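Have a look at start28.cif; it's mmCIF, C-alpha atoms:
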data_run
loop_
_atom_site.label_atom_id
_atom_site.label_comp_id
_atom_site.auth_asym_id
_atom_site.auth_seq_id
_atom_site.Cartn_x
_atom_site.Cartn_y
_atom_site.Cartn_z
CA MET Z 179 7.07 -43.65 -17.50
CA ALA Z 180 8.74 -40.82 -15.67
CA GLU Z 181 9.16 -38.88 -18.90
CA GLN Z 182 5.50 -39.31 -19.69
CA ASN Z 183 4.58 -37.94 -16.29
CA ASN Z 184 6.80 -34.91 -16.83
CA LEU Z 185 5.22 -34.26 -20.19
CA LYS Z 186 1.81 -34.48 -18.55
CA GLU Z 187 2.75 -31.96 -15.85
CA PHE Z 188 3.67 -29.59 -18.66
CA THR Z 189 0.76 -30.06 -21.06
CA LYS Z 190 -2.02 -30.16 -18.50
CA GLY Z 191 -1.67 -26.40 -18.04
CA ILE Z 192 -2.42 -25.75 -21.70
CA PHE Z 193 -5.63 -27.73 -22.14
CA GLN Z 194 -6.93 -29.63 -19.14
CA TYR Z 195 -6.25 -26.91 -16.56
CA ASN Z 196 -6.12 -23.86 -18.83
CA PRO Z 197 -6.06 -21.01 -16.28
CA MET Z 198 -8.25 -18.69 -18.30
CA PHE Z 199 -10.94 -20.82 -19.93
CA VAL Z 200 -11.19 -23.79 -17.54
CA LEU Z 201 -10.25 -22.42 -14.13
CA VAL Z 202 -11.34 -18.79 -14.89
CA LEU Z 203 -8.53 -17.36 -12.77
CA GLY Z 204 -6.49 -14.20 -13.16
CA ILE Z 205 -9.11 -12.37 -15.15
CA CYS Z 206 -8.30 -8.83 -14.01
CA PRO Z 207 -4.92 -8.48 -15.76
CA SER Z 208 -6.02 -10.58 -18.71
CA LEU Z 209 -8.78 -8.15 -19.58
CA ALA Z 210 -6.82 -5.00 -18.90
CA VAL Z 211 -3.74 -5.74 -20.98
CA THR Z 212 -5.26 -7.52 -23.98
CA THR Z 213 -5.81 -4.41 -26.07
CA SER Z 214 -3.06 -5.57 -28.46
CA VAL Z 215 -1.20 -8.85 -29.02
CA LYS Z 216 2.12 -7.26 -28.06
CA ASN Z 217 0.79 -6.26 -24.64
CA GLY Z 218 -0.71 -9.70 -24.14
CA LEU Z 219 2.58 -11.43 -24.94
CA ALA Z 220 4.59 -9.17 -22.62
CA MET Z 221 2.15 -9.71 -19.75
CA GLY Z 222 2.08 -13.47 -20.34
CA GLY Z 223 5.86 -13.64 -20.37
CA ALA Z 224 6.18 -11.67 -17.15
CA ALA Z 225 3.60 -13.78 -15.34
CA THR Z 226 5.14 -17.03 -16.62
CA PHE Z 227 8.56 -15.98 -15.33
CA VAL Z 228 7.13 -15.21 -11.88
CA LEU Z 229 5.10 -18.43 -11.86
CA VAL Z 230 8.08 -20.66 -12.76
CA CYS Z 231 10.49 -18.99 -10.31
CA SER Z 232 8.08 -18.81 -7.39
CA ASN Z 233 7.00 -22.43 -7.91
CA PHE Z 234 10.69 -23.46 -7.92
CA ILE Z 235 11.64 -21.56 -4.75
CA ILE Z 236 8.51 -22.55 -2.85
CA SER Z 237 8.95 -26.23 -3.64
CA ILE Z 238 12.59 -26.05 -2.50
CA VAL Z 239 11.81 -24.45 0.85
CA ARG Z 240 8.44 -26.13 1.37
CA ALA Z 241 9.75 -28.31 4.20
CA TYR Z 242 10.70 -25.23 6.24
CA ILE Z 243 7.45 -23.29 5.84
CA PRO Z 244 5.03 -23.93 8.72
CA ARG Z 245 1.49 -24.56 7.56
CA GLU Z 246 -0.04 -21.69 9.53
CA ILE Z 247 1.98 -18.90 7.94
CA ARG Z 248 2.38 -20.34 4.45
CA ILE Z 249 0.26 -17.66 2.71
CA PRO Z 250 2.38 -14.68 3.90
CA CYS Z 251 5.53 -16.65 2.98
CA PHE Z 252 4.21 -17.29 -0.54
CA ILE Z 253 3.29 -13.62 -0.94
CA VAL Z 254 6.79 -12.47 0.02
CA VAL Z 255 8.44 -14.91 -2.43
CA ILE Z 256 6.07 -13.89 -5.23
CA ALA Z 257 6.48 -10.17 -4.49
CA ALA Z 258 10.27 -10.49 -4.69
CA PHE Z 259 10.08 -12.04 -8.17
CA VAL Z 260 7.52 -9.49 -9.31
CA THR Z 261 9.88 -6.69 -8.29
CA MET Z 262 12.63 -8.37 -10.33
CA VAL Z 263 10.39 -8.62 -13.40
CA GLU Z 264 9.33 -5.00 -12.98
CA LEU Z 265 12.94 -3.78 -12.90
CA LEU Z 266 13.95 -6.04 -15.82
CA MET Z 267 11.07 -4.82 -17.97
CA LYS Z 268 11.84 -1.21 -17.16
CA ALA Z 269 15.44 -1.78 -18.23
CA TYR Z 270 15.01 -3.78 -21.44
CA LEU Z 271 11.56 -3.16 -22.93
CA PRO Z 272 10.43 -0.05 -24.82
CA PRO Z 273 8.95 2.63 -22.51
CA GLU Z 274 5.58 2.77 -24.30
CA LEU Z 275 5.06 -0.96 -23.69
CA ASN Z 276 5.81 -0.44 -20.00
CA ALA Z 277 3.42 2.50 -19.89
CA SER Z 278 0.58 0.51 -21.42
CA LEU Z 279 1.04 -2.36 -18.96
CA GLY Z 280 1.15 0.18 -16.14
CA ILE Z 281 0.18 -0.99 -12.67
CA PHE Z 282 -0.66 -4.48 -13.93
CA ILE Z 283 2.97 -5.61 -13.66
CA PRO Z 284 3.15 -5.00 -9.87
CA LEU Z 285 -0.36 -6.43 -9.65
CA ILE Z 286 0.99 -9.87 -10.68
CA VAL Z 287 1.55 -10.24 -6.91
CA VAL Z 288 -2.16 -10.74 -6.36
CA ASN Z 289 -2.72 -12.82 -9.50
CA CYS Z 290 -4.78 -15.79 -8.31
CA ILE Z 291 -3.09 -18.27 -10.68
CA ILE Z 292 0.33 -17.89 -9.06
CA MET Z 293 -1.07 -18.18 -5.53
CA TYR Z 294 -3.20 -21.15 -6.59
CA ARG Z 295 -0.25 -23.06 -8.05
CA ALA Z 296 1.92 -22.28 -5.01
CA GLU Z 297 -0.75 -23.52 -2.65
CA SER Z 298 -2.01 -26.56 -4.53
CA PHE Z 299 1.06 -27.77 -6.42
CA ALA Z 300 4.46 -26.33 -5.43
CA TYR Z 301 3.80 -26.74 -1.70
CA LYS Z 302 3.30 -30.49 -2.21
CA ASN Z 303 5.63 -31.47 -5.08
CA LYS Z 304 9.30 -31.73 -6.04
CA PRO Z 305 11.13 -28.71 -7.59
CA PHE Z 306 11.47 -30.15 -11.12
CA ALA Z 307 7.80 -31.05 -11.39
CA SER Z 308 6.85 -27.63 -9.98
CA VAL Z 309 8.91 -25.83 -12.61
CA LEU Z 310 7.25 -27.86 -15.38
CA ASP Z 311 3.85 -27.19 -13.87
CA GLY Z 312 4.54 -23.46 -13.69
CA ALA Z 313 5.84 -23.35 -17.26
CA GLY Z 314 2.81 -25.25 -18.55
CA LEU Z 315 0.25 -23.09 -16.81
CA GLY Z 316 2.15 -19.96 -17.76
CA LEU Z 317 2.20 -21.03 -21.40
CA GLY Z 318 -1.51 -21.87 -21.26
CA TRP Z 319 -2.26 -18.45 -19.84
CA THR Z 320 -0.07 -16.69 -22.41
CA LEU Z 321 -1.78 -18.55 -25.27
CA SER Z 322 -5.22 -17.57 -24.00
CA LEU Z 323 -4.04 -13.96 -23.62
CA CYS Z 324 -2.90 -14.08 -27.25
CA LEU Z 325 -6.27 -15.44 -28.38
CA ILE Z 326 -8.26 -12.73 -26.59
CA SER Z 327 -5.90 -9.94 -27.58
CA SER Z 328 -5.76 -10.94 -31.24
CA ILE Z 329 -9.57 -10.91 -31.44
CA ARG Z 330 -9.73 -7.55 -29.70
CA GLU Z 331 -6.94 -6.04 -31.77
CA ILE Z 332 -8.33 -7.22 -35.11
CA VAL Z 333 -11.91 -6.14 -34.41
CA GLY Z 334 -11.12 -3.10 -32.27
CA SER Z 335 -8.31 -1.40 -34.14
CA GLY Z 336 -8.12 -3.34 -37.40
CA THR Z 337 -4.51 -4.40 -36.90
CA LEU Z 338 -2.53 -7.48 -35.86
CA PHE Z 339 0.91 -6.91 -34.27
CA GLY Z 340 0.47 -3.31 -35.43
CA VAL Z 341 0.06 -4.30 -39.11
CA LYS Z 342 -3.17 -3.27 -40.82
CA VAL Z 343 -5.42 -6.23 -41.62
CA SER Z 344 -7.54 -4.70 -44.35
CA GLU Z 345 -7.65 -1.26 -45.95
CA SER Z 346 -11.41 -0.93 -46.05
CA TYR Z 347 -12.15 -2.12 -42.50
CA GLN Z 348 -13.61 0.43 -40.09
CA PRO Z 349 -12.41 -0.52 -36.60
CA ALA Z 350 -15.06 -0.87 -33.86
CA SER Z 351 -13.08 0.85 -31.14
CA VAL Z 352 -15.46 -0.27 -28.39
CA MET Z 353 -13.70 -3.66 -28.56
CA ILE Z 354 -10.41 -2.29 -27.27
CA MET Z 355 -12.21 -0.49 -24.45
CA ALA Z 356 -13.63 -2.00 -21.25
CA PRO Z 357 -17.05 -3.27 -22.49
CA GLY Z 358 -15.54 -5.14 -25.44
CA ALA Z 359 -13.15 -7.01 -23.16
CA PHE Z 360 -15.95 -8.37 -21.00
CA ILE Z 361 -18.10 -9.37 -23.96
CA VAL Z 362 -15.24 -11.11 -25.83
CA LEU Z 363 -14.28 -13.11 -22.74
CA GLY Z 364 -17.92 -14.01 -22.02
CA LEU Z 365 -18.49 -15.23 -25.58
CA LEU Z 366 -15.21 -17.18 -25.64
CA LEU Z 367 -16.06 -18.90 -22.34
CA GLY Z 368 -19.48 -19.72 -23.76
CA PHE Z 369 -17.88 -21.14 -26.90
CA PHE Z 370 -15.53 -23.42 -24.94
CA ASN Z 371 -18.43 -24.55 -22.72
CA TRP Z 372 -20.42 -25.39 -25.86
CA GLN Z 373 -17.51 -27.47 -27.21
CA LYS Z 374 -17.25 -29.34 -23.92
CA LEU Z 375 -21.00 -29.98 -23.77
CA ARG Z 376 -21.04 -31.29 -27.33
CA LYS Z 377 -18.17 -33.64 -26.61
CA SER Z 378 -19.78 -35.05 -23.46
CA GLU Z 379 -23.07 -35.51 -25.31
CA LYS Z 380 -21.26 -37.48 -28.01
CA THR Z 381 -19.60 -39.81 -25.50
CA MET Z 382 -22.95 -40.28 -23.76
CA LYS Z 383 -24.56 -41.27 -27.05
CA SER Z 384 -21.81 -43.74 -27.94
CA LEU Z 385 -22.08 -45.26 -24.48
CA MET Z 386 -25.83 -45.67 -24.95
CA LYS Z 387 -25.25 -47.40 -28.29
CA ASN Z 388 -22.81 -49.84 -26.73
CA ASP Z 389 -25.35 -50.73 -24.07
CA MET J 185 -11.30 21.82 -1.04
CA ILE J 186 -14.78 20.30 -0.76
CA LYS J 187 -15.21 20.67 -4.51
CA GLU J 188 -11.98 18.82 -5.15
CA ILE J 189 -12.98 15.96 -2.84
CA ALA J 190 -16.43 15.70 -4.43
CA LEU J 191 -14.76 15.58 -7.85
CA ILE J 192 -12.46 12.74 -6.77
CA ILE J 193 -15.41 10.73 -5.44
CA VAL J 194 -17.60 11.23 -8.53
CA SER J 195 -14.69 10.44 -10.81
CA VAL J 196 -13.70 7.24 -9.05
CA VAL J 197 -17.25 5.95 -8.46
CA PHE J 198 -18.79 6.63 -11.86
CA VAL J 199 -16.30 7.75 -14.51
CA ASN J 200 -13.34 5.53 -13.64
CA ASN J 201 -15.20 2.80 -11.79
CA PHE J 202 -12.56 0.30 -10.67
CA VAL J 203 -14.46 -2.81 -11.72
CA LEU J 204 -16.11 -1.61 -14.90
CA SER J 205 -13.42 0.51 -16.49
CA LYS J 206 -10.14 -0.42 -14.79
CA PHE J 207 -10.70 -4.20 -14.49
CA LEU J 208 -9.66 -4.32 -10.84
CA GLY J 209 -11.21 -6.70 -8.32
CA LEU J 210 -12.99 -8.90 -10.84
CA CYS J 211 -12.56 -12.16 -8.91
CA PRO J 212 -14.61 -11.13 -5.85
CA PHE J 213 -16.93 -9.19 -8.17
CA LEU J 214 -17.92 -12.41 -9.93
CA GLY J 215 -17.49 -14.70 -6.94
CA VAL J 216 -19.59 -12.87 -4.36
CA SER J 217 -22.21 -11.11 -6.51
CA GLN J 218 -24.74 -13.95 -6.48
CA LYS J 219 -26.71 -12.56 -3.54
CA THR J 220 -27.42 -8.94 -2.65
CA SER J 221 -26.78 -9.42 1.07
CA SER J 222 -23.31 -10.87 0.63
CA ALA J 223 -22.51 -8.24 -2.00
CA ILE J 224 -23.21 -5.48 0.53
CA GLY J 225 -21.11 -7.19 3.22
CA MET J 226 -18.17 -7.70 0.88
CA GLY J 227 -18.45 -4.13 -0.42
CA ALA J 228 -18.42 -2.69 3.11
CA ALA J 229 -15.39 -4.75 4.14
CA VAL J 230 -13.48 -3.82 0.98
CA THR J 231 -14.32 -0.13 1.35
CA PHE J 232 -13.05 -0.16 4.93
CA VAL J 233 -9.77 -1.89 4.06
CA MET J 234 -9.27 0.29 0.97
CA THR J 235 -9.68 3.53 2.91
CA LEU J 236 -7.27 2.49 5.64
CA SER J 237 -4.72 0.97 3.25
CA SER J 238 -4.71 4.09 1.05
CA ALA J 239 -3.95 6.18 4.11
CA ILE J 240 -1.19 3.89 5.39
CA THR J 241 0.47 3.23 2.03
CA TRP J 242 0.51 7.00 1.40
CA ILE J 243 2.45 7.42 4.65
CA VAL J 244 4.80 4.53 3.75
CA TYR J 245 5.34 5.97 0.27
CA ASN J 246 6.11 9.49 1.41
CA PHE J 247 8.12 8.83 4.57
CA VAL J 248 9.81 5.48 3.96
CA LEU J 249 10.11 4.84 0.23
CA LEU J 250 10.66 8.20 -1.46
CA PRO J 251 14.16 9.67 -1.44
CA GLY J 252 14.59 13.01 0.31
CA ASP J 253 14.82 14.69 3.69
CA ALA J 254 11.50 13.31 4.95
CA ASN J 255 12.69 9.71 4.69
CA ILE J 256 12.80 8.06 8.12
CA VAL J 257 15.19 5.29 7.08
CA ALA J 258 17.66 7.92 5.86
CA LYS J 259 18.10 9.09 9.46
CA VAL J 260 19.73 5.74 10.25
CA PHE J 261 21.31 4.93 6.86
CA PRO J 262 22.35 8.23 5.20
CA SER J 263 22.87 6.65 1.76
CA ILE J 264 19.13 6.00 1.47
CA ARG J 265 18.49 9.76 1.28
CA GLU J 266 19.55 9.98 -2.37
CA LEU J 267 18.30 6.63 -3.65
CA GLY J 268 15.17 5.94 -1.67
CA LEU J 269 13.69 2.45 -1.52
CA ILE J 270 11.01 3.09 -4.07
CA GLU J 271 12.27 0.78 -6.83
CA VAL J 272 12.88 -2.34 -4.83
CA LEU J 273 10.54 -2.31 -1.86
CA LYS J 274 7.33 -0.77 -3.17
CA THR J 275 5.36 -3.88 -4.14
CA ILE J 276 6.54 -5.92 -1.16
CA SER J 277 5.89 -3.20 1.40
CA TYR J 278 2.41 -2.46 0.02
CA ILE J 279 1.30 -6.07 0.00
CA LEU J 280 2.63 -6.56 3.54
CA VAL J 281 0.78 -3.44 4.74
CA ILE J 282 -2.44 -4.74 3.20
CA ALA J 283 -2.03 -8.27 4.59
CA THR J 284 -1.35 -6.96 8.10
CA LEU J 285 -4.23 -4.54 7.87
CA VAL J 286 -6.67 -7.25 6.86
CA GLN J 287 -5.49 -9.40 9.76
CA PHE J 288 -5.84 -6.45 12.12
CA VAL J 289 -9.34 -5.58 10.87
CA GLU J 290 -10.31 -9.21 11.34
CA MET J 291 -9.13 -9.26 14.96
CA MET J 292 -10.71 -5.90 15.73
CA LEU J 293 -14.07 -6.82 14.26
CA ARG J 294 -14.12 -10.14 16.12
CA LYS J 295 -13.59 -8.30 19.41
CA MET J 296 -15.74 -5.19 18.84
CA ALA J 297 -18.50 -6.20 16.43
CA PRO J 298 -18.99 -9.98 16.52
CA ALA J 299 -22.24 -9.78 14.54
CA LEU J 300 -20.61 -8.03 11.59
CA TYR J 301 -17.63 -10.39 11.81
CA GLU J 302 -19.94 -13.40 11.59
CA SER J 303 -21.80 -12.01 8.58
CA LEU J 304 -18.59 -11.28 6.64
CA GLY J 305 -17.16 -14.72 7.35
CA ILE J 306 -14.65 -15.93 4.76
CA TYR J 307 -14.74 -12.73 2.72
CA LEU J 308 -12.51 -10.93 5.19
CA PRO J 309 -9.24 -12.88 4.68
CA LEU J 310 -9.87 -12.94 0.92
CA ILE J 311 -9.55 -9.16 0.72
CA THR J 312 -5.74 -9.49 0.86
CA THR J 313 -5.66 -10.91 -2.66
CA ASN J 314 -8.22 -8.46 -4.04
CA CYS J 315 -6.32 -6.60 -6.71
CA ALA J 316 -8.51 -3.50 -6.29
CA VAL J 317 -6.96 -2.88 -2.85
CA LEU J 318 -3.38 -3.09 -4.08
CA GLY J 319 -4.44 -1.30 -7.25
CA VAL J 320 -5.76 1.77 -5.47
CA ALA J 321 -2.60 1.95 -3.33
CA LEU J 322 -0.44 1.83 -6.47
CA LEU J 323 -2.60 4.32 -8.37
CA ASN J 324 -2.54 6.73 -5.42
CA THR J 325 1.22 6.81 -5.50
CA THR J 326 2.23 6.30 -9.13
CA ASP J 327 -0.19 6.70 -11.95
CA SER J 328 -1.72 9.99 -10.79
CA PRO J 329 -1.13 13.04 -12.96
CA LYS J 330 0.02 14.98 -9.91
CA HIS J 331 1.27 14.07 -6.45
CA LEU J 332 -1.78 13.40 -4.29
CA GLY J 333 -1.99 14.76 -0.75
CA PHE J 334 -2.83 12.59 2.25
CA LEU J 335 -6.52 13.56 2.28
CA GLN J 336 -6.97 13.15 -1.48
CA ALA J 337 -5.35 9.71 -1.42
CA THR J 338 -7.57 8.55 1.43
CA VAL J 339 -10.68 9.94 -0.26
CA GLN J 340 -9.71 8.20 -3.50
CA GLY J 341 -9.40 4.92 -1.60
CA PHE J 342 -12.80 5.44 0.01
CA GLY J 343 -14.42 6.38 -3.29
CA ALA J 344 -12.91 3.37 -5.06
CA GLY J 345 -14.43 1.16 -2.36
CA ILE J 346 -17.83 2.80 -2.84
CA GLY J 347 -17.54 2.33 -6.60
CA PHE J 348 -16.73 -1.34 -6.08
CA THR J 349 -19.78 -1.69 -3.80
CA VAL J 350 -22.06 0.04 -6.31
CA ALA J 351 -20.92 -2.22 -9.14
CA MET J 352 -21.32 -5.35 -6.98
CA LEU J 353 -24.79 -4.29 -5.86
CA LEU J 354 -26.00 -3.64 -9.42
CA MET J 355 -24.50 -6.92 -10.58
CA SER J 356 -26.05 -8.93 -7.75
CA GLY J 357 -29.46 -7.50 -8.64
CA ILE J 358 -29.00 -8.59 -12.25
CA ARG J 359 -27.74 -12.03 -11.29
CA GLU J 360 -30.67 -12.67 -8.94
CA ARG J 361 -32.93 -12.09 -11.93
CA LEU J 362 -30.72 -14.13 -14.26
CA ALA J 363 -31.20 -17.19 -12.05
CA LEU J 364 -34.86 -17.26 -13.13
CA VAL J 365 -34.28 -16.78 -16.86
CA ASN J 366 -33.92 -19.47 -19.51
CA ILE J 367 -30.36 -19.00 -20.80
CA PRO J 368 -28.71 -21.18 -23.49
CA GLN J 369 -26.89 -24.03 -21.72
CA PRO J 370 -23.27 -23.11 -22.64
CA LEU J 371 -23.68 -19.50 -21.50
CA ARG J 372 -25.00 -20.30 -18.02
CA GLY J 373 -23.02 -19.09 -15.01
CA VAL J 374 -19.81 -17.15 -15.59
CA PRO J 375 -20.09 -16.44 -19.37
CA ILE J 376 -23.45 -14.65 -19.11
CA ALA J 377 -22.16 -12.78 -16.04
CA PHE J 378 -19.28 -11.47 -18.16
CA ILE J 379 -21.59 -10.41 -20.98
CA CYS J 380 -23.83 -8.56 -18.49
CA THR J 381 -20.77 -6.88 -17.00
CA GLY J 382 -19.83 -5.79 -20.50
CA LEU J 383 -23.24 -4.22 -21.02
CA MET J 384 -22.99 -2.52 -17.62
CA ALA J 385 -19.56 -1.18 -18.57
CA LEU J 386 -21.10 0.14 -21.79
CA ALA J 387 -23.72 1.97 -19.71
CA PHE J 388 -21.08 3.39 -17.38
CA PHE J 389 -19.26 4.57 -20.47
CA GLY J 390 -21.89 7.28 -20.67
CA PHE J 391 -20.29 8.93 -17.65
CA SER J 392 -16.92 9.31 -19.35
CA GLY J 393 -15.91 12.86 -20.10
CA MET J 394 -18.01 14.12 -17.18
CA VAL J 395 -14.89 14.62 -15.04
CA GLN J 396 -11.37 14.82 -16.35
#
Could you rewrite the structure in this file as structure tokens?
Amino acid sequence: MAEQNNLKEFTKGIFQYNPMFVLVLGICPSLAVTTSVKNGLAMGGAATFVLVCSNFIISIVRAYIPREIRIPCFIVVIAAFVTMVELLMKAYLPPELNASLGIFIPLIVVNCIIMYRAESFAYKNKPFASVLDGAGLGLGWTLSLCLISSIREIVGSGTLFGVKVSESYQPASVMIMAPGAFIVLGLLLGFFNWQKLRKSEKTMKSLMKND
Amino acid sequence: MIKEIALIIVSVVFVNNFVLSKFLGLCPFLGVSQKTSSAIGMGAAVTFVMTLSSAITWIVYNFVLLPGDANIVAKVFPSIRELGLIEVLKTISYILVIATLVQFVEMMLRKMAPALYESLGIYLPLITTNCAVLGVALLNTTDSPKHLGFLQATVQGFGAGIGFTVAMLLMSGIRERLALVNIPQPLRGVPIAFICTGLMALAFFGFSGMVQ
């Protein structure tokens, strides 16, 4: 039973509470960095690290944080981990990857997903569950970043992971610029809404039949 | 001097609009742009906080974080003079400055302009987590091609706020119309707002190249 619960804490972040397509949180960085799959993966990894660590620390010290000043406390914890990630990435990742992520690494501090999980999950739950929750949501976010960035990279520059997709394809470079990002995300959200609507219609129909 | 300031404002409002070309501050942009009146209120509050926070973070950056003779902390701890605190304390100090500033603005408005305070309501505390505010502070002090002066940094903060307000205002006008239109069911709400933003960004693309 307990194992099942743990598995649920982990998987809910990927489908049921997918941060990007269900909750529509953390859109600013997800649009800015998804010009190529490599950028998307790096950003997702950094945010997942911060999410897991801050969830862990906050759920450990949650008994000592007074309710009135919890938001500033969360921000300080998150900012500390973001600084760590920033320094680690500067040390170990190629400089051009760092340059293309730019100010969006320090901006993880104000990413709504991390604040939202701290407030609504880690502040109320045990450390182990919080870590699983953070890992699940982080993975869900990273997967959605990969989806958006692979669409944008294939259509916008004709490559995937830097490898050319087809020789004859003329890239539509508007897709890797600002307008393309908004339109891709809008259409994807519409697509997932359509799926959800179709599913609920089906269950409605089967219910009607049973009646 | 005046020419330079005008250039900064035009560049940050139209060419490099924070919402439409830098993807900063999208959450409040989508959350508060349903009505024109609340869009104006939010824009004004954000512009105010952005201007002040650009000024204060510039001071923090130049006199507390950067290594050198001007560093105040170095007067007490001499080893700071060479290293500076820029690597480790930048993000934390900026976000603390912004959070305190928002709290301060809230208290000041409640005392001095209760009417405005009432009309802004919940939008005021939410400004802390607006990434456009932290974004402009970071851009003022890192990503710029050259080191910005105090006045330029403050003007850039003010202009970014105006750009944010302009984008919100345009969007709220579109969304008020969209409420009356027959849109396919799955696209209603956020998806169509994103597609409209994309088209707006495409229009703002026409400004690119106007200012370097």
Problem set entry | Nearest residue to Val341 (chain Z) from the set Z:Val215, Z:Leu209, Z:Met267, Z:Ile192 (distances using only C-alpha atoms) | Z:Val215
Problem set entry | Atom-to-atom span, CA of Gly382 (chain J) and CA of Ile361 (chain Z), Å | 5.3 Å
Problem set entry | Close residues, Thr213 (chain Z) itself excluded, 9 Å, all atoms listed in the file, min 4 positions apart in chain, as a list in words |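 With the cut-off at 9 Å, the set is Leu209, Asn217, Gly218, Ile326, Ser327, Ser328, Arg330, Glu331, Gly334, Ser335, Met353, Ile354, Met355 and Ala359 of chain Z.
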Residues of chain J within 10 Å of chain Z, counting only C-alpha atoms, as a tab-separated table (two decimals) with C-alpha atoms, in the frame of the given file:
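Result file part06.tsv:
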chain	number	residue	atom	x	y	z
J	203	VAL	CA	-14.46	-2.81	-11.72
J	204	LEU	CA	-16.11	-1.61	-14.90
J	205	SER	CA	-13.42	0.51	-16.49
J	206	LYS	CA	-10.14	-0.42	-14.79
J	207	PHE	CA	-10.70	-4.20	-14.49
J	208	LEU	CA	-9.66	-4.32	-10.84
J	209	GLY	CA	-11.21	-6.70	-8.32
J	210	LEU	CA	-12.99	-8.90	-10.84
J	211	CYS	CA	-12.56	-12.16	-8.91
J	271	GLU	CA	12.27	0.78	-6.83
J	272	VAL	CA	12.88	-2.34	-4.83
J	273	LEU	CA	10.54	-2.31	-1.86
J	274	LYS	CA	7.33	-0.77	-3.17
J	275	THR	CA	5.36	-3.88	-4.14
J	276	ILE	CA	6.54	-5.92	-1.16
J	277	SER	CA	5.89	-3.20	1.40
J	278	TYR	CA	2.41	-2.46	0.02
J	279	ILE	CA	1.30	-6.07	0.00
J	280	LEU	CA	2.63	-6.56	3.54
J	283	ALA	CA	-2.03	-8.27	4.59
J	284	THR	CA	-1.35	-6.96	8.10
J	312	THR	CA	-5.74	-9.49	0.86
J	313	THR	CA	-5.66	-10.91	-2.66
J	314	ASN	CA	-8.22	-8.46	-4.04
J	315	CYS	CA	-6.32	-6.60	-6.71
J	316	ALA	CA	-8.51	-3.50	-6.29
J	317	VAL	CA	-6.96	-2.88	-2.85
J	318	LEU	CA	-3.38	-3.09	-4.08
J	319	GLY	CA	-4.44	-1.30	-7.25
J	320	VAL	CA	-5.76	1.77	-5.47
J	322	LEU	CA	-0.44	1.83	-6.47
J	323	LEU	CA	-2.60	4.32	-8.37
J	326	THR	CA	2.23	6.30	-9.13
J	327	ASP	CA	-0.19	6.70	-11.95
J	368	PRO	CA	-28.71	-21.18	-23.49
J	369	GLN	CA	-26.89	-24.03	-21.72
J	370	PRO	CA	-23.27	-23.11	-22.64
J	371	LEU	CA	-23.68	-19.50	-21.50
J	372	ARG	CA	-25.00	-20.30	-18.02
J	373	GLY	CA	-23.02	-19.09	-15.01
J	374	VAL	CA	-19.81	-17.15	-15.59
J	375	PRO	CA	-20.09	-16.44	-19.37
J	376	ILE	CA	-23.45	-14.65	-19.11
J	377	ALA	CA	-22.16	-12.78	-16.04
J	378	PHE	CA	-19.28	-11.47	-18.16
J	379	ILE	CA	-21.59	-10.41	-20.98
J	380	CYS	CA	-23.83	-8.56	-18.49
J	381	THR	CA	-20.77	-6.88	-17.00
J	382	GLY	CA	-19.83	-5.79	-20.50
J	383	LEU	CA	-23.24	-4.22	-21.02
J	384	MET	CA	-22.99	-2.52	-17.62
J	385	ALA	CA	-19.56	-1.18	-18.57
J	386	LEU	CA	-21.10	0.14	-21.79
J	387	ALA	CA	-23.72	1.97	-19.71
J	388	PHE	CA	-21.08	3.39	-17.38
J	389	PHE	CA	-19.26	4.57	-20.47
Exercise. What is the distance, in Å and to one decimal place, between CA of Arg245 (chain Z) and CA of Phe227 (chain Z)?
Worked result: 25.4 Å
For this session: Enumerate, as an MDAnalysis selection string, the residues matched when the PyMOL selection byres ((chain Z and resi 230) around 8) is run on the file above.
Result: chainID Z and resid 226:229 231:234 308:313 316
Exercise. Do you know which residues the PyMOL selection byres ((chain J and resi 289-297) around 12) returns on this file, as a PyMOL selection string?
Worked result: chain J and resi 229-230+232-234+236-237+282-288+298-312
For this session: Name the residues, using the chain letters and numbers of the file, that sit within 12 Å of (-4.8, -28.0, -16.5) when counting all atoms listed in the file, and give them as a VMD selection string.
Result: chain Z and resid 186 to 203 291 295 299 311 to 319
Problem set entry | Neighbour list for region 245-247 of chain J as an MDAnalysis selection string, cut-off 12 Å, all atoms listed in the file, skip fewer than 4 positions in-chain | chainID J and resid 237:241 251:259 264:265 268:271 273:275 277:278 281 321:326 331:334 337
Problem set entry | Between CA of Lys304 (chain Z) and CA of Leu185 (chain Z) - distance in Å to one decimal |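 Interatomic distance here is 14.9 Å.
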For this session: Between J:Val248, J:Leu353, J:Ala344, J:Leu362, single out the one closest to Ile192 (chain J), counting all atoms listed in the file.
Result: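 Comparing J:Val248, J:Leu353, J:Ala344, J:Leu362 against Ile192 (chain J), the winner is J:Ala344.
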For this session: Compare J:Phe342, J:Phe261, J:Trp242, J:Phe198 by their minimum atom-to-atom distance to Gly227 (chain J), counting all atoms listed in the file, and give me the closest one.
Result: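 Checking each candidate against Gly227 (chain J), we get J:Phe342 as the closest.
For the file shown, the residue list from the PyMOL selection byres ((chain J and resi 199) around 6) reads Ser195, Phe198, Asn200, Asn201, Phe391 and Ser392 of chain J.
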Print the selection's residues with C-alpha atoms to a file, as a PDB file, keeping the file's coordinate frame.
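Ended up saving to result-v5.pdb:
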ATOM      1  CA  SER J 195     -14.690  10.440 -10.810  1.00  0.00           C
ATOM      2  CA  PHE J 198     -18.790   6.630 -11.860  1.00  0.00           C
ATOM      3  CA  ASN J 200     -13.340   5.530 -13.640  1.00  0.00           C
ATOM      4  CA  ASN J 201     -15.200   2.800 -11.790  1.00  0.00           C
ATOM      5  CA  PHE J 391     -20.290   8.930 -17.650  1.00  0.00           C
ATOM      6  CA  SER J 392     -16.920   9.310 -19.350  1.00  0.00           C
TER       7      SER J 392
END
